[in-house]
>>> print(open('entry.txt').read())   # compact mmCIF, C-alpha atoms
# COMPACT_ATOMS: atom_id res chain seq x y z
CA MET A 1 115.99 94.22 -89.84
CA LEU A 2 117.94 93.78 -86.66
CA ALA A 3 118.55 96.70 -84.44
CA ALA A 4 120.79 96.23 -81.48
CA ALA A 5 120.10 98.34 -78.46
CA LEU A 6 123.08 99.01 -76.24
CA PHE A 7 122.58 100.25 -72.73
CA SER A 8 124.44 102.36 -70.37
CA LEU A 9 126.32 99.89 -68.21
CA SER A 10 126.29 101.71 -64.93
CA LEU A 11 123.24 100.50 -63.03
CA THR A 12 122.44 97.35 -61.14
CA VAL A 13 119.99 94.58 -61.84
CA LEU A 14 117.42 94.39 -59.07
CA SER A 15 115.93 90.96 -59.58
CA PRO A 16 115.10 88.71 -62.52
CA ASP A 17 111.48 89.86 -62.43
CA GLN A 18 112.01 93.55 -62.00
CA PRO A 19 113.00 95.79 -64.84
CA ALA A 20 116.32 97.40 -64.38
CA ALA A 21 119.10 98.97 -66.27
CA LEU A 22 122.19 96.87 -66.61
CA SER A 23 125.38 96.60 -64.64
CA ALA A 24 128.82 95.92 -66.00
CA ASP A 25 128.40 92.15 -66.22
CA ALA A 26 125.02 92.38 -67.88
CA ILE A 27 124.01 92.01 -71.48
CA ALA A 28 121.51 94.43 -72.90
CA PRO A 29 118.41 93.22 -74.71
CA ILE A 30 118.69 93.07 -78.45
CA ALA A 31 115.83 93.72 -80.82
CA SER A 32 115.37 90.54 -82.80
CA ARG A 33 112.31 91.65 -84.72
CA VAL A 34 111.62 95.31 -85.32
CA ALA A 35 108.08 95.90 -86.51
CA THR A 36 107.70 99.13 -88.45
CA PRO A 37 104.60 101.20 -87.76
CA LEU A 38 102.22 101.97 -90.57
CA TYR A 39 102.39 105.62 -91.49
CA PRO A 40 98.85 106.90 -90.85
CA ARG A 41 97.14 107.68 -94.14
CA LYS A 42 95.61 110.80 -92.67
CA ALA A 43 99.05 112.04 -91.74
CA ILE A 44 100.35 111.37 -95.24
CA LEU A 45 97.46 113.25 -96.78
CA LYS A 46 98.01 116.16 -94.45
CA GLY A 47 101.78 116.07 -94.84
CA ILE A 48 102.27 115.57 -91.11
CA GLU A 49 105.59 114.34 -89.76
CA GLY A 50 106.39 113.62 -86.15
CA ARG A 51 107.80 111.33 -83.53
CA VAL A 52 106.81 109.13 -80.66
CA VAL A 53 109.08 108.26 -77.75
CA THR A 54 108.02 105.29 -75.70
CA CYS A 55 109.70 103.51 -72.82
CA PHE A 56 108.84 99.95 -71.88
CA THR A 57 109.99 96.80 -70.23
CA VAL A 58 111.50 93.94 -72.18
CA ASN A 59 110.22 90.96 -70.26
CA LEU A 60 111.84 87.58 -69.88
CA LYS A 61 110.05 86.33 -72.99
CA GLY A 62 111.53 89.12 -75.04
CA LYS A 63 108.29 91.03 -75.45
CA ALA A 64 107.68 94.70 -74.77
CA GLU A 65 105.29 95.33 -71.93
CA ALA A 66 104.14 98.21 -69.76
CA ALA A 67 104.87 100.69 -72.51
CA VAL A 68 104.55 104.33 -71.60
CA VAL A 69 104.39 107.08 -74.18
CA MET A 70 106.90 109.67 -73.03
CA GLU A 71 106.35 112.02 -75.91
CA THR A 72 104.21 112.21 -79.01
CA SER A 73 104.13 115.05 -81.48
CA ASN A 74 100.73 114.06 -82.81
CA LYS A 75 98.16 111.57 -81.55
CA LEU A 76 97.89 110.13 -85.05
CA PHE A 77 101.24 108.44 -84.53
CA THR A 78 100.73 107.02 -81.05
CA ARG A 79 98.68 103.96 -81.86
CA PRO A 80 100.76 102.82 -84.86
CA ALA A 81 103.90 103.18 -82.75
CA LEU A 82 102.46 101.16 -79.87
CA ASN A 83 101.12 98.51 -82.24
CA ALA A 84 104.54 98.18 -83.83
CA LEU A 85 106.17 97.94 -80.44
CA ARG A 86 103.73 95.22 -79.43
CA ALA A 87 104.66 93.26 -82.56
CA SER A 88 108.38 93.63 -81.93
CA GLU A 89 110.53 91.00 -80.28
CA PHE A 90 113.72 91.09 -78.30
CA ILE A 91 116.38 88.80 -77.03
CA PRO A 92 115.98 89.56 -73.33
CA GLY A 93 118.74 91.23 -71.43
CA SER A 94 120.74 89.01 -69.14
CA HIS A 95 122.80 89.31 -66.02
CA ARG A 96 125.39 86.73 -65.06
CA GLY A 97 123.89 84.35 -67.52
CA GLU A 98 120.29 84.76 -66.40
CA ASN A 99 117.63 86.55 -68.35
CA VAL A 100 116.36 89.69 -66.69
CA ALA A 101 113.60 92.14 -67.42
CA THR A 102 115.06 95.42 -68.53
CA GLN A 103 113.87 98.87 -69.46
CA LEU A 104 114.29 100.26 -72.89
CA CYS A 105 113.08 103.27 -74.79
CA ARG A 106 112.33 103.47 -78.47
CA THR A 107 111.89 106.53 -80.63
CA PHE A 108 109.79 106.31 -83.77
CA THR A 109 110.41 109.16 -86.18
CA PHE A 110 107.76 109.52 -88.89
CA ARG A 111 109.09 111.31 -91.94
CA LEU A 112 107.85 112.15 -95.39
CA ASP A 113 110.75 112.34 -97.82
CA MET B 114 63.27 119.70 -103.41
CA PHE B 115 63.47 119.77 -107.13
CA ARG B 116 63.94 123.48 -107.46
CA VAL B 117 67.58 124.17 -107.09
CA VAL B 118 70.26 121.61 -106.71
CA ALA B 119 73.84 122.52 -106.98
CA ILE B 120 76.16 120.52 -109.07
CA LEU B 121 78.29 118.59 -106.72
CA LEU B 122 81.92 118.37 -106.51
CA ALA B 123 84.01 115.53 -107.59
CA ALA B 124 83.49 112.25 -105.84
CA LEU B 125 86.28 112.95 -103.46
CA ALA B 126 84.09 111.75 -100.67
CA PRO B 127 86.66 109.60 -98.86
CA LEU B 128 88.91 112.59 -98.76
CA SER B 129 86.15 114.58 -97.13
CA VAL B 130 88.22 117.67 -96.76
CA LEU B 131 88.12 118.04 -100.51
CA ALA B 132 84.39 118.34 -100.53
CA GLN B 133 84.44 121.90 -99.31
CA GLU B 134 81.70 124.05 -100.61
CA GLU B 135 82.44 126.86 -102.96
CA PRO B 136 79.00 128.43 -103.09
CA ALA B 137 79.89 131.25 -105.40
CA SER B 138 81.01 128.85 -108.06
CA LYS B 139 78.16 126.40 -108.13
CA THR B 140 76.45 125.69 -111.37
CA VAL B 141 72.77 125.52 -110.67
CA ILE B 142 70.47 123.07 -112.30
CA GLY B 143 66.95 124.33 -112.06
CA PRO B 144 63.59 122.68 -112.35
CA GLU B 145 63.65 122.75 -116.12
CA ASN B 146 65.44 119.41 -116.06
CA VAL B 147 64.27 117.47 -113.09
CA PHE B 148 66.37 114.44 -114.01
CA LEU B 149 69.55 116.48 -113.81
CA ALA B 150 68.49 118.15 -110.59
CA ASP B 151 67.55 114.87 -108.94
CA GLY B 152 70.60 113.14 -110.36
CA ALA B 153 72.86 115.77 -108.85
CA LEU B 154 71.13 115.43 -105.52
CA ALA B 155 71.41 111.65 -105.57
CA ILE B 156 75.13 111.80 -106.31
CA GLN B 157 75.60 114.42 -103.66
CA THR B 158 73.98 112.17 -101.10
CA GLY B 159 76.03 109.16 -102.14
CA ASP B 160 73.50 107.28 -104.22
CA TYR B 161 75.83 107.17 -107.17
CA ALA B 162 74.04 104.54 -109.25
CA LEU B 163 70.74 106.39 -109.07
CA GLY B 164 72.47 109.70 -109.66
CA VAL B 165 74.24 108.48 -112.77
CA ASP B 166 71.05 106.91 -114.08
CA LEU B 167 68.97 110.06 -113.56
CA THR B 168 71.65 112.35 -114.96
CA LEU B 169 72.04 110.22 -118.07
CA LYS B 170 68.27 110.42 -118.55
CA GLY B 171 68.46 114.17 -118.12
CA LEU B 172 71.21 114.39 -120.72
CA LYS B 173 68.93 112.71 -123.24
CA LEU B 174 66.62 115.72 -122.96
CA ASN B 175 69.27 117.88 -124.61
CA PRO B 176 69.92 120.39 -121.87
CA ARG B 177 71.53 123.74 -122.59
CA ALA B 178 75.29 123.68 -123.07
CA LYS B 179 76.11 124.96 -119.60
CA GLN B 180 73.90 122.36 -117.94
CA ARG B 181 75.18 119.68 -120.26
CA VAL B 182 78.77 120.29 -119.21
CA ALA B 183 77.82 120.27 -115.53
CA ALA B 184 75.79 117.11 -116.01
CA LEU B 185 78.61 115.33 -117.82
CA SER B 186 80.93 116.26 -114.99
CA ASN B 187 78.36 114.94 -112.55
CA VAL B 188 78.14 111.63 -114.36
CA CYS B 189 81.92 111.54 -114.12
CA ALA B 190 81.64 112.16 -110.36
CA GLY B 191 78.98 109.47 -110.04
CA TYR B 192 81.10 106.90 -111.83
CA ILE B 193 84.02 107.83 -109.60
CA GLY B 194 81.76 107.08 -106.66
CA LEU B 195 81.02 103.72 -108.24
CA LYS B 196 84.76 103.18 -108.80
CA LEU B 197 84.17 102.87 -112.54
CA TYR B 198 87.08 105.06 -113.45
CA HIS B 199 87.22 104.27 -117.14
CA ASP B 200 83.58 105.29 -117.57
CA ALA B 201 84.13 108.32 -115.38
CA LYS B 202 87.05 109.50 -117.48
CA SER B 203 85.08 109.53 -120.70
CA TYR B 204 82.43 111.81 -119.16
CA CYS B 205 84.97 114.15 -117.61
CA ASP B 206 86.79 114.34 -120.93
CA ALA B 207 83.50 115.06 -122.69
CA ALA B 208 82.76 117.89 -120.25
CA ILE B 209 86.21 119.39 -120.73
CA GLU B 210 85.92 119.06 -124.48
CA ILE B 211 82.75 121.15 -124.48
CA ASN B 212 84.01 123.63 -121.92
CA PRO B 213 87.76 123.57 -121.33
CA ASN B 214 87.26 126.07 -118.51
CA PHE B 215 84.92 123.95 -116.40
CA TRP B 216 87.17 123.53 -113.41
CA ARG B 217 85.05 120.93 -111.64
CA ALA B 218 85.66 118.49 -114.44
CA TYR B 219 89.39 119.00 -113.94
CA ASN B 220 88.94 118.29 -110.26
CA ASN B 221 87.07 115.09 -111.07
CA ARG B 222 89.63 114.16 -113.69
CA ALA B 223 92.36 114.58 -111.09
CA VAL B 224 90.48 112.30 -108.70
CA ILE B 225 90.40 109.58 -111.34
CA LEU B 226 94.12 109.93 -111.87
CA LEU B 227 94.79 109.84 -108.13
CA ARG B 228 92.62 106.78 -107.66
CA THR B 229 94.31 104.99 -110.52
CA GLY B 230 97.76 105.74 -109.17
CA ASN B 231 98.78 108.49 -111.54
CA THR B 232 99.65 111.16 -108.99
CA PRO B 233 101.90 113.22 -111.28
CA GLY B 234 99.09 113.30 -113.84
CA ALA B 235 96.64 114.41 -111.15
CA ILE B 236 98.96 117.21 -110.07
CA GLU B 237 99.25 118.40 -113.63
CA VAL B 238 95.47 118.43 -114.08
CA LEU B 239 94.93 120.21 -110.77
CA LYS B 240 97.44 122.88 -111.72
CA ARG B 241 95.58 123.34 -114.97
CA GLY B 242 92.36 123.66 -112.96
CA LEU B 243 93.97 126.28 -110.75
CA GLU B 244 94.99 128.25 -113.80
CA ILE B 245 91.30 128.33 -114.71
CA ARG B 246 90.10 129.03 -111.22
CA PRO B 247 92.94 130.53 -109.23
CA GLY B 248 92.64 130.22 -105.49
CA SER B 249 89.90 127.59 -105.55
CA PRO B 250 89.98 126.01 -102.07
CA THR B 251 88.85 122.68 -103.49
CA LEU B 252 91.54 122.52 -106.13
CA THR B 253 94.17 123.89 -103.78
CA ARG B 254 93.42 121.30 -101.14
CA ALA B 255 93.30 118.55 -103.74
CA LEU B 256 96.68 119.65 -105.00
CA GLU B 257 98.09 119.61 -101.48
CA ILE B 258 96.81 116.08 -101.02
CA ALA B 259 98.13 114.93 -104.37
CA GLU B 260 101.53 116.39 -103.61
CA ALA B 261 101.53 114.83 -100.15
CA THR B 262 100.86 111.38 -101.56
CA GLN B 263 103.93 111.76 -103.74
CA ARG B 264 106.15 111.90 -100.70
CA THR B 265 107.57 108.65 -99.40
CA PRO B 266 106.59 107.84 -95.83
CA ARG B 267 109.40 106.53 -93.68
CA VAL B 268 109.60 105.53 -90.07
CA LEU B 269 112.98 105.59 -88.39
CA ILE B 270 113.34 103.51 -85.25
CA GLU B 271 115.96 104.04 -82.63
CA ASP B 272 116.37 102.23 -79.34
CA HIS B 273 118.03 103.95 -76.42
>>> encode(input="entry.txt", output="structure tokens")
Amino acid sequence: MLAAALFSLSLTVLSPDQPAALSADAIAPIASRVATPLYPRKAILKGIEGRVVTCFTVNLKGKAEAAVVMETSNKLFTRPALNALRASEFIPGSHRGENVATQLCRTFTFRLD
Amino acid sequence: MFRVVAILLAALAPLSVLAQEEPASKTVIGPENVFLADGALAIQTGDYALGVDLTLKGLKLNPRAKQRVAALSNVCAGYIGLKLYHDAKSYCDAAIEINPNFWRAYNNRAVILLRTGNTPGAIEVLKRGLEIRPGSPTLTRALEIAEATQRTPRVLIEDH
């Protein structure tokens, strides 16, 4: 499943090695492989739903790094979310034709339907 | 050690929360049938093969009806522990046939159904058990778990 992530286009790229939001002539990173977290069995058995918000850097190789958990409704979900993020891949953002490291946030919503 | 050993609950061990004690409801196997008492203890401590073996030996001594039902349900629990669900079912069914109000056998029967993927069947059996023993924490929790496993887990992912 491909999920494109579009950025606000108002900020400036600092340098190819530093994460930054994107300016007007920049292209946002695009998720090329979205790994889905495993729903924790314990959470299923207890009927627990929740969400994890994590922000991270998409590096020049298109991998998520330096992920920070901004919010988690239950610790049960944190590890699966981070594992999934680690397994995900991106087409790096670019600025004037050069790949740049960019910041991105991803929200995982765990639901039992 | 041999004096009083409570009949254990269903082999819901991996779902440890289901193994809550319900002291007031325990069927007690006394020293009159040491095989049954030791068998129950063995199953309770996770030595399912020994527990089944001892309980089957105890059953050959023609215990009283109440003990027989409890022992059959225990053999069922032991076989569940050994993941021999077909064997387990026949002993649970035998217990229920003798005493259709023996709620622990319904609990065990529900575990078999859950483990073999028949969640709706397990829910039905647990509801029947709760009719027999309303408010049982064990059956209530088991029902909650069974109903939870019927829900479809989904993870929505959004980048921003």
>>> residues_near_point(input="entry.txt", point="(99.4, 115.6, -104.8)", cutoff="9 Å", atoms="all atoms listed in the file", output="PyMOL selection string")
(chain A and resi 45) or (chain B and resi 227+232-233+235-236+239+255-264)
>>> write_last_selection(input="entry.txt", atoms="C-alpha atoms", output="JSON list (two decimals), in the coordinates of the input")
[["chain", "number", "residue", "atom", "x", "y", "z"],
["A", 45, "LEU", "CA", 97.46, 113.25, -96.78],
["B", 227, "LEU", "CA", 94.79, 109.84, -108.13],
["B", 232, "THR", "CA", 99.65, 111.16, -108.99],
["B", 233, "PRO", "CA", 101.90, 113.22, -111.28],
["B", 235, "ALA", "CA", 96.64, 114.41, -111.15],
["B", 236, "ILE", "CA", 98.96, 117.21, -110.07],
["B", 239, "LEU", "CA", 94.93, 120.21, -110.77],
["B", 255, "ALA", "CA", 93.30, 118.55, -103.74],
["B", 256, "LEU", "CA", 96.68, 119.65, -105.00],
["B", 257, "GLU", "CA", 98.09, 119.61, -101.48],
["B", 258, "ILE", "CA", 96.81, 116.08, -101.02],
["B", 259, "ALA", "CA", 98.13, 114.93, -104.37],
["B", 260, "GLU", "CA", 101.53, 116.39, -103.61],
["B", 261, "ALA", "CA", 101.53, 114.83, -100.15],
["B", 262, "THR", "CA", 100.86, 111.38, -101.56],
["B", 263, "GLN", "CA", 103.93, 111.76, -103.74],
["B", 264, "ARG", "CA", 106.15, 111.90, -100.70]]
>>> interface_residues(input="entry.txt", of="chain B", to="chain A", cutoff="6 Å", atoms="all atoms listed in the file", output="PDB file with C-alpha atoms, keeping the file's coordinate frame")
ATOM      1  CA  ILE B 258      96.810 116.080-101.020  1.00  0.00           C
ATOM      2  CA  ALA B 261     101.530 114.830-100.150  1.00  0.00           C
ATOM      3  CA  ARG B 264     106.150 111.900-100.700  1.00  0.00           C
ATOM      4  CA  THR B 265     107.570 108.650 -99.400  1.00  0.00           C
ATOM      5  CA  PRO B 266     106.590 107.840 -95.830  1.00  0.00           C
ATOM      6  CA  ARG B 267     109.400 106.530 -93.680  1.00  0.00           C
ATOM      7  CA  VAL B 268     109.600 105.530 -90.070  1.00  0.00           C
ATOM      8  CA  LEU B 269     112.980 105.590 -88.390  1.00  0.00           C
ATOM      9  CA  ILE B 270     113.340 103.510 -85.250  1.00  0.00           C
ATOM     10  CA  GLU B 271     115.960 104.040 -82.630  1.00  0.00           C
ATOM     11  CA  ASP B 272     116.370 102.230 -79.340  1.00  0.00           C
ATOM     12  CA  HIS B 273     118.030 103.950 -76.420  1.00  0.00           C
TER      13      HIS B 273
END
>>> residues_near_point(input="entry.txt", point="(105.3, 95.5, -83.3)", cutoff="10 Å", atoms="only C-alpha atoms", output="compact mmCIF listing (two decimals) with C-alpha atoms, in the coordinates of the input")
# COMPACT_ATOMS: atom_id res chain seq x y z
CA ARG A 33 112.31 91.65 -84.72
CA VAL A 34 111.62 95.31 -85.32
CA ALA A 35 108.08 95.90 -86.51
CA THR A 36 107.70 99.13 -88.45
CA PRO A 37 104.60 101.20 -87.76
CA LYS A 63 108.29 91.03 -75.45
CA ALA A 64 107.68 94.70 -74.77
CA PRO A 80 100.76 102.82 -84.86
CA ALA A 81 103.90 103.18 -82.75
CA LEU A 82 102.46 101.16 -79.87
CA ASN A 83 101.12 98.51 -82.24
CA ALA A 84 104.54 98.18 -83.83
CA LEU A 85 106.17 97.94 -80.44
CA ARG A 86 103.73 95.22 -79.43
CA ALA A 87 104.66 93.26 -82.56
CA SER A 88 108.38 93.63 -81.93
CA GLU A 89 110.53 91.00 -80.28
>>> residues_around(input="entry.txt", residues="Cys189 of chain B", least_positions_apart="6", cutoff="10 Å", atoms="all atoms listed in the file", output="number ranges by chain")
B: 123-124, 165, 183, 195, 197-208, 218, 221-222, 225
>>> atom_distance(input="entry.txt", atom1="atom CA of Pro213 of chain B", atom2="atom CA of Arg254 of chain B")
21.1 Å
>>> atom_distance(input="entry.txt", atom1="atom CA of Leu185 of chain B", atom2="atom CA of Gly234 of chain B")
21.0 Å
>>> residues_around(input="entry.txt", residues="Ile245 of chain B", least_positions_apart="3", cutoff="9 Å", atoms="only C-alpha atoms", output="list in words")
Pro213, Asn214, Phe215, Trp216, Lys240, Arg241 and Gly242 of chain B
>>> closest_residue(input="entry.txt", among="A:Ser32, A:Ser73, A:Thr57, A:Thr78", to="Thr102 of chain A", atoms="all atoms listed in the file")
A:Thr57
>>> decode(input="entry.txt", residues="segment 232-251 of chain B", atoms="C-alpha atoms", output="mmCIF file, in the first residue's frame")
data_model
loop_
_atom_site.group_PDB
_atom_site.id
_atom_site.type_symbol
_atom_site.label_atom_id
_atom_site.label_comp_id
_atom_site.auth_asym_id
_atom_site.auth_seq_id
_atom_site.Cartn_x
_atom_site.Cartn_y
_atom_site.Cartn_z
ATOM 1 C CA THR B 232 -15.392 -18.314 18.659
ATOM 2 C CA PRO B 233 -19.153 -18.030 18.092
ATOM 3 C CA GLY B 234 -19.551 -21.550 19.471
ATOM 4 C CA ALA B 235 -17.449 -20.630 22.504
ATOM 5 C CA ILE B 236 -19.577 -17.567 23.154
ATOM 6 C CA GLU B 237 -22.706 -19.651 23.003
ATOM 7 C CA VAL B 238 -21.303 -22.194 25.464
ATOM 8 C CA LEU B 239 -20.090 -19.475 27.830
ATOM 9 C CA LYS B 240 -23.510 -17.839 27.809
ATOM 10 C CA ARG B 241 -25.008 -21.199 28.657
ATOM 11 C CA GLY B 242 -22.490 -21.486 31.499
ATOM 12 C CA LEU B 243 -23.468 -18.053 32.761
ATOM 13 C CA GLU B 244 -27.099 -19.083 32.788
ATOM 14 C CA ILE B 245 -26.060 -21.897 35.111
ATOM 15 C CA ARG B 246 -23.754 -19.785 37.195
ATOM 16 C CA PRO B 247 -24.724 -16.150 36.793
ATOM 17 C CA GLY B 248 -22.031 -13.653 37.607
ATOM 18 C CA SER B 249 -19.177 -16.158 37.584
ATOM 19 C CA PRO B 250 -16.012 -14.042 37.193
ATOM 20 C CA THR B 251 -14.305 -16.839 35.287
#
